[in-house]
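K.L.:
One file: structure05.json (JSON, C-alpha atoms).
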[["chain", "number", "residue", "atom", "x", "y", "z"],
["A", 1, "MET", "CA", 12.64, -8.66, -26.29],
["A", 2, "ASN", "CA", 12.34, -12.43, -25.84],
["A", 3, "THR", "CA", 10.09, -14.41, -23.50],
["A", 4, "THR", "CA", 12.85, -15.00, -20.96],
["A", 5, "SER", "CA", 13.61, -11.30, -20.54],
["A", 6, "GLU", "CA", 9.89, -10.52, -20.26],
["A", 7, "PHE", "CA", 9.64, -13.19, -17.56],
["A", 8, "ASN", "CA", 12.64, -11.57, -15.90],
["A", 9, "ASN", "CA", 10.83, -8.22, -15.88],
["A", 10, "LEU", "CA", 7.80, -9.85, -14.28],
["A", 11, "LYS", "CA", 10.04, -11.72, -11.84],
["A", 12, "ARG", "CA", 11.64, -8.39, -10.88],
["A", 13, "LYS", "CA", 8.19, -6.87, -10.26],
["A", 14, "VAL", "CA", 7.15, -9.82, -8.09],
["A", 15, "TYR", "CA", 10.43, -9.60, -6.20],
["A", 16, "LEU", "CA", 10.02, -5.87, -5.51],
["A", 17, "ALA", "CA", 6.38, -6.30, -4.49],
["A", 18, "TYR", "CA", 7.40, -9.10, -2.12],
["A", 19, "HIS", "CA", 9.86, -6.74, -0.38],
["A", 20, "GLN", "CA", 7.45, -3.81, -0.31],
["A", 21, "ASP", "CA", 6.16, -4.94, 3.11],
["A", 22, "GLY", "CA", 8.71, -2.92, 5.09],
["A", 23, "ILE", "CA", 9.91, -5.91, 7.11],
["A", 24, "LEU", "CA", 13.47, -5.74, 5.76],
["A", 25, "ASP", "CA", 13.49, -2.02, 6.62],
["A", 26, "LEU", "CA", 12.16, -2.67, 10.14],
["A", 27, "VAL", "CA", 14.80, -5.33, 10.72],
["A", 28, "ALA", "CA", 17.61, -3.15, 9.33],
["A", 29, "GLY", "CA", 16.36, -0.15, 11.35],
["A", 30, "SER", "CA", 16.25, -2.24, 14.53],
["A", 31, "VAL", "CA", 19.85, -3.43, 14.04],
["A", 32, "VAL", "CA", 21.08, 0.14, 13.45],
["A", 33, "LEU", "CA", 19.04, 1.49, 16.37],
["A", 34, "GLY", "CA", 20.29, -1.33, 18.61],
["A", 35, "PHE", "CA", 23.87, -0.53, 17.69],
["A", 36, "GLY", "CA", 23.37, 3.20, 18.29],
["A", 37, "THR", "CA", 21.74, 2.57, 21.68],
["A", 38, "PHE", "CA", 24.59, 0.20, 22.56],
["A", 39, "MET", "CA", 27.09, 2.96, 21.73],
["A", 40, "LEU", "CA", 25.12, 5.37, 23.91],
["A", 41, "THR", "CA", 24.57, 3.13, 26.92],
["A", 42, "ASP", "CA", 27.41, 0.59, 26.60],
["A", 43, "ASN", "CA", 24.76, -2.03, 27.35],
["A", 44, "ILE", "CA", 25.27, -5.02, 25.06],
["A", 45, "ALA", "CA", 21.61, -6.04, 25.52],
["A", 46, "PHE", "CA", 20.60, -3.37, 23.00],
["A", 47, "LEU", "CA", 23.07, -4.74, 20.46],
["A", 48, "MET", "CA", 21.73, -8.25, 21.04],
["A", 49, "ALA", "CA", 18.14, -7.00, 20.74],
["A", 50, "GLY", "CA", 18.91, -5.58, 17.29],
["A", 51, "TRP", "CA", 20.44, -8.86, 16.13],
["A", 52, "PHE", "CA", 17.52, -10.77, 17.68],
["A", 53, "VAL", "CA", 15.08, -8.80, 15.50],
["A", 54, "MET", "CA", 17.25, -9.70, 12.49],
["A", 55, "MET", "CA", 16.96, -13.38, 13.34],
["A", 56, "MET", "CA", 13.17, -12.94, 13.42],
["A", 57, "TYR", "CA", 13.13, -11.91, 9.74],
["A", 58, "VAL", "CA", 11.98, -15.26, 8.34],
["A", 59, "PHE", "CA", 9.43, -15.67, 11.15],
["A", 60, "LEU", "CA", 8.00, -12.18, 10.45],
["A", 61, "LYS", "CA", 7.87, -12.85, 6.71],
["A", 62, "ASN", "CA", 5.98, -16.11, 7.31],
["A", 63, "ARG", "CA", 3.58, -14.51, 9.80],
["A", 64, "ILE", "CA", 2.91, -11.18, 8.10],
["A", 65, "THR", "CA", 3.80, -11.33, 4.40],
["A", 66, "VAL", "CA", 2.99, -14.87, 3.27],
["A", 67, "PRO", "CA", -0.61, -15.06, 4.62],
["A", 68, "ARG", "CA", -1.44, -11.76, 2.87],
["A", 69, "PHE", "CA", 0.72, -11.60, -0.25],
["A", 70, "GLY", "CA", 0.74, -15.35, -0.78],
["A", 71, "TYR", "CA", 3.62, -17.77, -0.92],
["A", 72, "VAL", "CA", 5.96, -17.42, -3.85],
["A", 73, "ARG", "CA", 9.30, -19.07, -4.49],
["A", 74, "ILE", "CA", 10.90, -16.69, -6.94],
["A", 75, "ASP", "CA", 14.09, -18.62, -7.69],
["A", 76, "SER", "CA", 14.72, -22.34, -7.81],
["A", 77, "GLN", "CA", 15.98, -23.86, -4.55],
["A", 78, "LYS", "CA", 19.51, -24.07, -5.98],
["A", 79, "LYS", "CA", 19.58, -20.36, -6.91],
["A", 80, "ALA", "CA", 18.02, -19.35, -3.56],
["A", 81, "LEU", "CA", 20.68, -21.36, -1.73],
["A", 82, "MET", "CA", 23.44, -19.72, -3.76],
["A", 83, "ARG", "CA", 21.99, -16.26, -3.08],
["A", 84, "GLY", "CA", 21.85, -17.12, 0.64],
["A", 85, "TRP", "CA", 25.50, -18.19, 0.71],
["A", 86, "ILE", "CA", 26.58, -15.03, -1.13],
["A", 87, "SER", "CA", 24.68, -12.92, 1.45],
["A", 88, "VAL", "CA", 26.32, -14.83, 4.31],
["A", 89, "GLY", "CA", 29.73, -14.34, 2.64],
["A", 90, "ILE", "CA", 29.21, -10.58, 2.32],
["A", 91, "GLY", "CA", 28.03, -10.42, 5.95],
["A", 92, "VAL", "CA", 31.10, -12.31, 7.18],
["A", 93, "LEU", "CA", 33.40, -10.05, 5.14],
["A", 94, "VAL", "CA", 31.82, -6.90, 6.60],
["A", 95, "LEU", "CA", 32.07, -8.28, 10.14],
["A", 96, "LEU", "CA", 35.70, -9.33, 9.59],
["A", 97, "LEU", "CA", 36.49, -5.85, 8.32],
["A", 98, "PHE", "CA", 34.79, -4.38, 11.37],
["A", 99, "PHE", "CA", 36.54, -6.58, 13.95],
["A", 100, "LEU", "CA", 39.93, -7.17, 12.34],
["A", 101, "LEU", "CA", 40.83, -3.63, 11.39],
["A", 102, "PRO", "CA", 40.80, -2.32, 15.01],
["A", 103, "ILE", "CA", 43.08, -5.26, 15.97],
["A", 104, "PHE", "CA", 45.40, -4.35, 13.12],
["A", 105, "LEU", "CA", 45.30, -0.72, 14.25],
["A", 106, "ARG", "CA", 46.36, -1.68, 17.77],
["A", 107, "ARG", "CA", 49.40, -3.48, 16.36],
["A", 108, "SER", "CA", 50.48, -0.51, 14.30],
["A", 109, "PRO", "CA", 49.61, 2.37, 16.61],
["A", 110, "ALA", "CA", 48.15, 5.49, 15.08],
["A", 111, "SER", "CA", 47.40, 8.72, 16.88],
["A", 112, "PRO", "CA", 44.25, 8.49, 19.10],
["A", 113, "GLU", "CA", 42.52, 11.03, 16.85],
["A", 114, "THR", "CA", 43.25, 8.98, 13.72],
["A", 115, "GLU", "CA", 42.15, 5.80, 15.48],
["A", 116, "ALA", "CA", 38.90, 7.45, 16.60],
["A", 117, "LEU", "CA", 38.28, 8.66, 13.06],
["A", 118, "ILE", "CA", 38.89, 5.19, 11.62],
["A", 119, "ARG", "CA", 36.57, 3.65, 14.22],
["A", 120, "ARG", "CA", 33.89, 6.17, 13.32],
["A", 121, "TYR", "CA", 34.42, 5.41, 9.64],
["A", 122, "LEU", "CA", 34.17, 1.66, 10.31],
["A", 123, "SER", "CA", 30.96, 2.07, 12.31],
["A", 124, "THR", "CA", 29.59, 3.95, 9.34],
["A", 125, "MET", "CA", 30.63, 1.32, 6.82],
["A", 126, "LEU", "CA", 29.18, -1.48, 8.96],
["A", 127, "PHE", "CA", 25.69, -0.32, 7.95],
["A", 128, "ALA", "CA", 26.37, 1.59, 4.75],
["A", 129, "LEU", "CA", 27.96, -1.39, 2.94],
["A", 130, "PRO", "CA", 25.15, -3.91, 3.60],
["A", 131, "ALA", "CA", 22.58, -1.23, 2.70],
["A", 132, "LEU", "CA", 24.45, -0.56, -0.54],
["A", 133, "GLY", "CA", 24.62, -4.30, -1.15],
["A", 134, "ALA", "CA", 20.85, -4.62, -0.66],
["A", 135, "ALA", "CA", 20.29, -1.71, -3.04],
["A", 136, "LEU", "CA", 22.60, -3.14, -5.71],
["A", 137, "PHE", "CA", 21.85, -6.86, -5.51],
["A", 138, "LEU", "CA", 18.20, -6.82, -4.45],
["A", 139, "GLY", "CA", 17.32, -3.75, -6.50],
["A", 140, "LEU", "CA", 15.62, -2.06, -3.53],
["A", 141, "LYS", "CA", 16.22, 1.58, -4.42],
["A", 142, "ARG", "CA", 15.30, 2.96, -0.98],
["A", 143, "PHE", "CA", 18.37, 1.18, 0.37],
["A", 144, "TYR", "CA", 20.55, 3.62, -1.60],
["A", 145, "LEU", "CA", 19.06, 6.31, 0.62],
["A", 146, "TYR", "CA", 19.73, 4.20, 3.73],
["A", 147, "ALA", "CA", 23.35, 3.66, 2.61],
["A", 148, "LEU", "CA", 23.70, 7.38, 2.04],
["A", 149, "LEU", "CA", 22.22, 8.12, 5.47],
["A", 150, "ALA", "CA", 24.38, 5.47, 7.18],
["A", 151, "ALA", "CA", 27.53, 6.87, 5.56],
["A", 152, "GLY", "CA", 26.62, 10.55, 5.38],
["A", 153, "LEU", "CA", 25.12, 11.31, 8.79],
["A", 154, "PRO", "CA", 28.08, 9.99, 10.88],
["A", 155, "LEU", "CA", 30.53, 11.83, 8.60],
["A", 156, "LEU", "CA", 28.46, 14.98, 8.95],
["A", 157, "GLY", "CA", 28.48, 14.33, 12.70],
["A", 158, "ALA", "CA", 32.27, 14.12, 12.59],
["A", 159, "VAL", "CA", 32.47, 17.47, 10.81],
["A", 160, "LEU", "CA", 30.04, 19.04, 13.29],
["A", 161, "ASN", "CA", 31.78, 17.27, 16.19],
["A", 162, "ILE", "CA", 28.67, 15.35, 17.30],
["A", 163, "GLU", "CA", 28.97, 12.03, 19.17],
["A", 164, "THR", "CA", 28.89, 9.04, 16.76],
["A", 165, "TYR", "CA", 25.85, 7.37, 18.38],
["A", 166, "LEU", "CA", 23.56, 10.30, 17.57],
["A", 167, "PRO", "CA", 23.77, 10.05, 13.74],
["A", 168, "ILE", "CA", 23.53, 6.25, 14.02],
["A", 169, "LEU", "CA", 20.39, 6.51, 16.19],
["A", 170, "THR", "CA", 18.93, 9.02, 13.73],
["A", 171, "THR", "CA", 19.67, 6.69, 10.80],
["A", 172, "GLY", "CA", 18.02, 3.79, 12.64],
["A", 173, "LEU", "CA", 14.93, 5.85, 13.45],
["A", 174, "ILE", "CA", 14.58, 7.06, 9.86],
["A", 175, "ILE", "CA", 14.85, 3.50, 8.50],
["A", 176, "LEU", "CA", 12.31, 2.31, 11.11],
["A", 177, "ALA", "CA", 9.93, 5.12, 10.12],
["A", 178, "PHE", "CA", 10.19, 4.13, 6.43],
["A", 179, "GLY", "CA", 9.62, 0.49, 7.37],
["A", 180, "THR", "CA", 6.56, 1.34, 9.45],
["A", 181, "VAL", "CA", 4.97, 3.38, 6.65],
["A", 182, "LEU", "CA", 5.63, 0.56, 4.15],
["A", 183, "LEU", "CA", 4.21, -2.04, 6.53],
["A", 184, "VAL", "CA", 1.02, -0.03, 7.11],
["A", 185, "LYS", "CA", 0.58, 0.42, 3.34],
["A", 186, "PHE", "CA", 1.22, -3.29, 2.79],
["A", 187, "LEU", "CA", -1.32, -4.32, 5.44],
["A", 188, "LYS", "CA", -3.92, -2.06, 3.83],
["A", 189, "ALA", "CA", -3.15, -3.32, 0.32],
["A", 190, "TYR", "CA", -3.14, -6.99, 1.25],
["A", 191, "PRO", "CA", -5.76, -8.00, 3.83],
["A", 192, "LEU", "CA", -5.39, -11.38, 5.51],
["A", 193, "THR", "CA", -6.51, -14.13, 3.14],
["A", 194, "THR", "CA", -6.89, -17.86, 3.64],
["A", 195, "GLU", "CA", -7.33, -20.62, 1.14],
["A", 196, "SER", "CA", -10.65, -22.39, 1.21],
["A", 197, "GLU", "CA", -10.71, -26.16, 1.11],
["A", 198, "ASP", "CA", -11.94, -26.12, -2.48],
["A", 199, "ALA", "CA", -9.22, -23.74, -3.57],
["A", 200, "SER", "CA", -8.33, -25.76, -6.59],
["A", 201, "GLY", "CA", -8.00, -29.02, -8.36],
["B", 1, "MET", "CA", -15.62, -18.88, -48.53],
["B", 2, "PRO", "CA", -12.17, -20.38, -48.07],
["B", 3, "ALA", "CA", -10.16, -19.19, -45.07],
["B", 4, "ASP", "CA", -7.33, -16.70, -45.68],
["B", 5, "LYS", "CA", -4.23, -18.86, -45.60],
["B", 6, "ASP", "CA", -2.15, -16.00, -44.16],
["B", 7, "LEU", "CA", -4.43, -15.83, -41.14],
["B", 8, "GLU", "CA", -4.81, -19.54, -40.56],
["B", 9, "THR", "CA", -2.45, -19.21, -37.62],
["B", 10, "ILE", "CA", -5.29, -17.56, -35.67],
["B", 11, "ALA", "CA", -7.31, -20.76, -35.90],
["B", 12, "ASP", "CA", -4.30, -22.69, -34.61],
["B", 13, "LEU", "CA", -3.94, -20.55, -31.48],
["B", 14, "ASP", "CA", -4.02, -22.57, -28.27],
["B", 15, "ARG", "CA", -7.38, -21.55, -26.79],
["B", 16, "ILE", "CA", -6.29, -22.61, -23.35],
["B", 17, "VAL", "CA", -3.45, -20.09, -23.38],
["B", 18, "HIS", "CA", -5.38, -17.48, -25.39],
["B", 19, "SER", "CA", -7.76, -16.67, -22.52],
["B", 20, "PRO", "CA", -6.45, -13.49, -20.77],
["B", 21, "PRO", "CA", -6.79, -14.76, -17.17],
["B", 22, "ARG", "CA", -5.05, -18.04, -18.02],
["B", 23, "LEU", "CA", -2.35, -16.20, -19.94],
["B", 24, "MET", "CA", -1.75, -14.03, -16.87],
["B", 25, "ILE", "CA", -1.59, -17.10, -14.63],
["B", 26, "LEU", "CA", 0.89, -18.79, -16.99],
["B", 27, "ALA", "CA", 2.99, -15.61, -17.25],
["B", 28, "TYR", "CA", 3.28, -15.31, -13.46],
["B", 29, "LEU", "CA", 4.11, -18.99, -13.13],
["B", 30, "GLY", "CA", 6.66, -18.61, -15.93],
["B", 31, "ALA", "CA", 8.36, -15.83, -14.00],
["B", 32, "VAL", "CA", 8.66, -17.65, -10.68],
["B", 33, "ASP", "CA", 9.62, -21.13, -9.57],
["B", 34, "SER", "CA", 6.31, -21.83, -7.81],
["B", 35, "ALA", "CA", 3.50, -19.90, -6.14],
["B", 36, "ASP", "CA", 0.45, -20.57, -4.04],
["B", 37, "PHE", "CA", -3.23, -19.90, -4.66],
["B", 38, "ILE", "CA", -3.31, -16.65, -2.64],
["B", 39, "PHE", "CA", -0.38, -15.19, -4.55],
["B", 40, "LEU", "CA", -2.05, -15.85, -7.90],
["B", 41, "MET", "CA", -5.39, -14.53, -6.63],
["B", 42, "ASN", "CA", -3.70, -11.26, -5.60],
["B", 43, "GLN", "CA", -1.62, -10.83, -8.72],
["B", 44, "VAL", "CA", -4.12, -11.89, -11.35],
["B", 45, "GLY", "CA", -7.08, -10.25, -9.58],
["B", 46, "LEU", "CA", -9.49, -13.15, -9.94],
["B", 47, "THR", "CA", -12.05, -14.38, -7.44],
["B", 48, "ARG", "CA", -11.38, -17.65, -5.65],
["B", 49, "GLY", "CA", -13.90, -19.54, -7.80],
["B", 50, "ASN", "CA", -12.66, -18.10, -11.09],
["B", 51, "LEU", "CA", -9.04, -18.80, -10.32],
["B", 52, "SER", "CA", -9.90, -22.30, -9.21],
["B", 53, "SER", "CA", -11.74, -22.95, -12.48],
["B", 54, "HIS", "CA", -8.90, -21.61, -14.65],
["B", 55, "LEU", "CA", -6.35, -23.63, -12.71],
["B", 56, "ASN", "CA", -8.40, -26.77, -13.28],
["B", 57, "THR", "CA", -8.38, -26.09, -17.02],
["B", 58, "LEU", "CA", -4.63, -25.53, -17.02],
["B", 59, "GLU", "CA", -4.03, -28.64, -14.95],
["B", 60, "GLU", "CA", -6.17, -30.77, -17.26],
["B", 61, "ALA", "CA", -4.13, -29.49, -20.21],
["B", 62, "GLY", "CA", -0.97, -30.50, -18.36],
["B", 63, "TYR", "CA", 0.32, -26.91, -18.27],
["B", 64, "VAL", "CA", 0.49, -26.60, -14.49],
["B", 65, "ASP", "CA", 1.23, -28.97, -11.67],
["B", 66, "ILE", "CA", -0.86, -28.48, -8.52],
["B", 67, "GLN", "CA", 0.24, -29.85, -5.17],
["B", 68, "LYS", "CA", -1.67, -29.52, -1.91],
["B", 69, "GLU", "CA", 0.25, -29.32, 1.33],
["B", 70, "PHE", "CA", -0.25, -28.24, 4.91],
["B", 71, "VAL", "CA", 2.00, -25.61, 6.48],
["B", 72, "ASP", "CA", 1.41, -25.13, 10.22],
["B", 73, "LYS", "CA", -1.94, -26.93, 9.78],
["B", 74, "VAL", "CA", -2.97, -24.37, 7.16],
["B", 75, "PRO", "CA", -3.72, -25.72, 3.67],
["B", 76, "ARG", "CA", -1.54, -24.40, 0.87],
["B", 77, "THR", "CA", -2.06, -25.08, -2.82],
["B", 78, "LEU", "CA", 1.28, -24.85, -4.56],
["B", 79, "ILE", "CA", 1.22, -24.34, -8.32],
["B", 80, "ARG", "CA", 4.11, -24.77, -10.73],
["B", 81, "LEU", "CA", 4.41, -24.40, -14.49],
["B", 82, "THR", "CA", 5.21, -27.66, -16.26],
["B", 83, "GLU", "CA", 7.54, -28.02, -19.24],
["B", 84, "ALA", "CA", 4.46, -28.42, -21.44],
["B", 85, "GLY", "CA", 3.12, -25.14, -20.05],
["B", 86, "ARG", "CA", 6.38, -23.37, -20.78],
["B", 87, "ASN", "CA", 6.40, -24.70, -24.34],
["B", 88, "ALA", "CA", 2.76, -23.66, -24.78],
["B", 89, "ILE", "CA", 3.61, -20.06, -23.88],
["B", 90, "GLN", "CA", 6.54, -20.04, -26.31],
["B", 91, "THR", "CA", 4.41, -21.45, -29.11],
["B", 92, "TYR", "CA", 1.58, -19.01, -28.36],
["B", 93, "ARG", "CA", 4.00, -16.12, -28.42],
["B", 94, "GLN", "CA", 5.42, -17.13, -31.80],
["B", 95, "GLN", "CA", 1.94, -17.64, -33.23],
["B", 96, "MET", "CA", 0.73, -14.24, -31.99],
["B", 97, "ARG", "CA", 3.78, -12.57, -33.49],
["B", 98, "THR", "CA", 3.08, -14.25, -36.82],
["B", 99, "VAL", "CA", -0.58, -13.20, -36.71],
["B", 100, "ILE", "CA", 0.27, -9.56, -35.93],
["B", 101, "GLU", "CA", 2.98, -9.44, -38.58],
["B", 102, "GLU", "CA", 0.58, -10.87, -41.14],
["B", 103, "LEU", "CA", -2.19, -8.44, -40.21],
["B", 104, "LEU", "CA", -0.08, -5.32, -40.01],
["B", 105, "GLY", "CA", 2.93, -6.14, -42.15]]
Using structure tokens, write down the structure from this file.
P.N.:
Amino acid sequence: MNTTSEFNNLKRKVYLAYHQDGILDLVAGSVVLGFGTFMLTDNIAFLMAGWFVMMMYVFLKNRITVPRFGYVRIDSQKKALMRGWISVGIGVLVLLLFFLLPIFLRRSPASPETEALIRRYLSTMLFALPALGAALFLGLKRFYLYALLAAGLPLLGAVLNIETYLPILTTGLIILAFGTVLLVKFLKAYPLTTESEDASG
Amino acid sequence: MPADKDLETIADLDRIVHSPPRLMILAYLGAVDSADFIFLMNQVGLTRGNLSSHLNTLEEAGYVDIQKEFVDKVPRTLIRLTEAGRNAIQTYRQQMRTVIEELLG
């Protein structure tokens, strides 16, 4: 094993520790819960609330994680920018898939049952695919479970003839519960720390 | 008594890198692009004073670059491994391998 690969192992550990604060889970859970509540109530405010929490991600990281865990830039700015653009690209693709396929379906009419099934399947994929992406690209193994829940529960709901919003709400609540537990553990492990004036050099 | 030529590499070890806390600091800085004082304190498990002292040593050797900045009026000490620091780790690694091979091989 050479020095670079050993550094990569350490980098991986730092990366996982940095995301062990539960904030990504809380954000993901809020988006799923917001979507489920929107499906239940037809009130778009819940959908917007979920997305609002997502936009707060960086703010929450800076307010909760950085003062406790410390600031760390894992990749160079160039790599971080590239990673950001890839994430945006995947997000846009998922959203396009979600919004364009129903339009395509309207143009080539299917039976209402088939259309309902496809819609249910799309709603499932809307969360399962990003969760799978997070698990694969970020190496956050718990996101495999979230992807499985996001895909499995609505399909199970379809088999048991349960309304789509119920499995989605359940998925959101489970992710939020995981996030809360992780956050509490993180807050206990890393108490608030400040640098003194004579910190170094 | 003359020194064992096979083990002379031990005498050549970079003492700045050879210290466990400093080696840990250099390893963490080698793994990331840059990190602040709090991050290193958490990861390396040193007290504020100890970390500060080791960072001074590393900075004097030219192995790390230390920049102070203010983020939201809060001071942040940002530390980055220099090219010299990266080379020092590589050299140290090769020397340690040689020493172990000579002792055990």
K.L.:
Identify all chain A residues at most 7 Å from chain B by counting only C-alpha atoms; ligands do not count. Present them as a PyMOL selection string.
P.N.:
chain A and resi 7-8+10-11+69-76+195+199-201
K.L.:
Between atom CA of A:Asn161 and atom CA of A:Val27, what is the distance in Å, rounded to a tenth?
P.N.:
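Spanning atom CA of A:Asn161 to atom CA of A:Val27 is a straight-line distance of 28.8 Å.
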K.L.:
For a quick check of understanding, using only C-alpha atoms, which of A:Leu117, A:Leu182, A:Ile86, A:Leu136 has the smallest distance to A:Pro154?
P.N.:
A:Leu117
K.L.:
Would you compute the distance between atom CA of B:Leu103 and atom CA of B:Asp14? Give it in Å to one decimal.
P.N.:
18.6 Å
K.L.:
Mind giving me the straight-line distance from atom CA of B:Tyr92 to atom CA of B:Gly62 in Å, one decimal?
P.N.:
15.4 Å
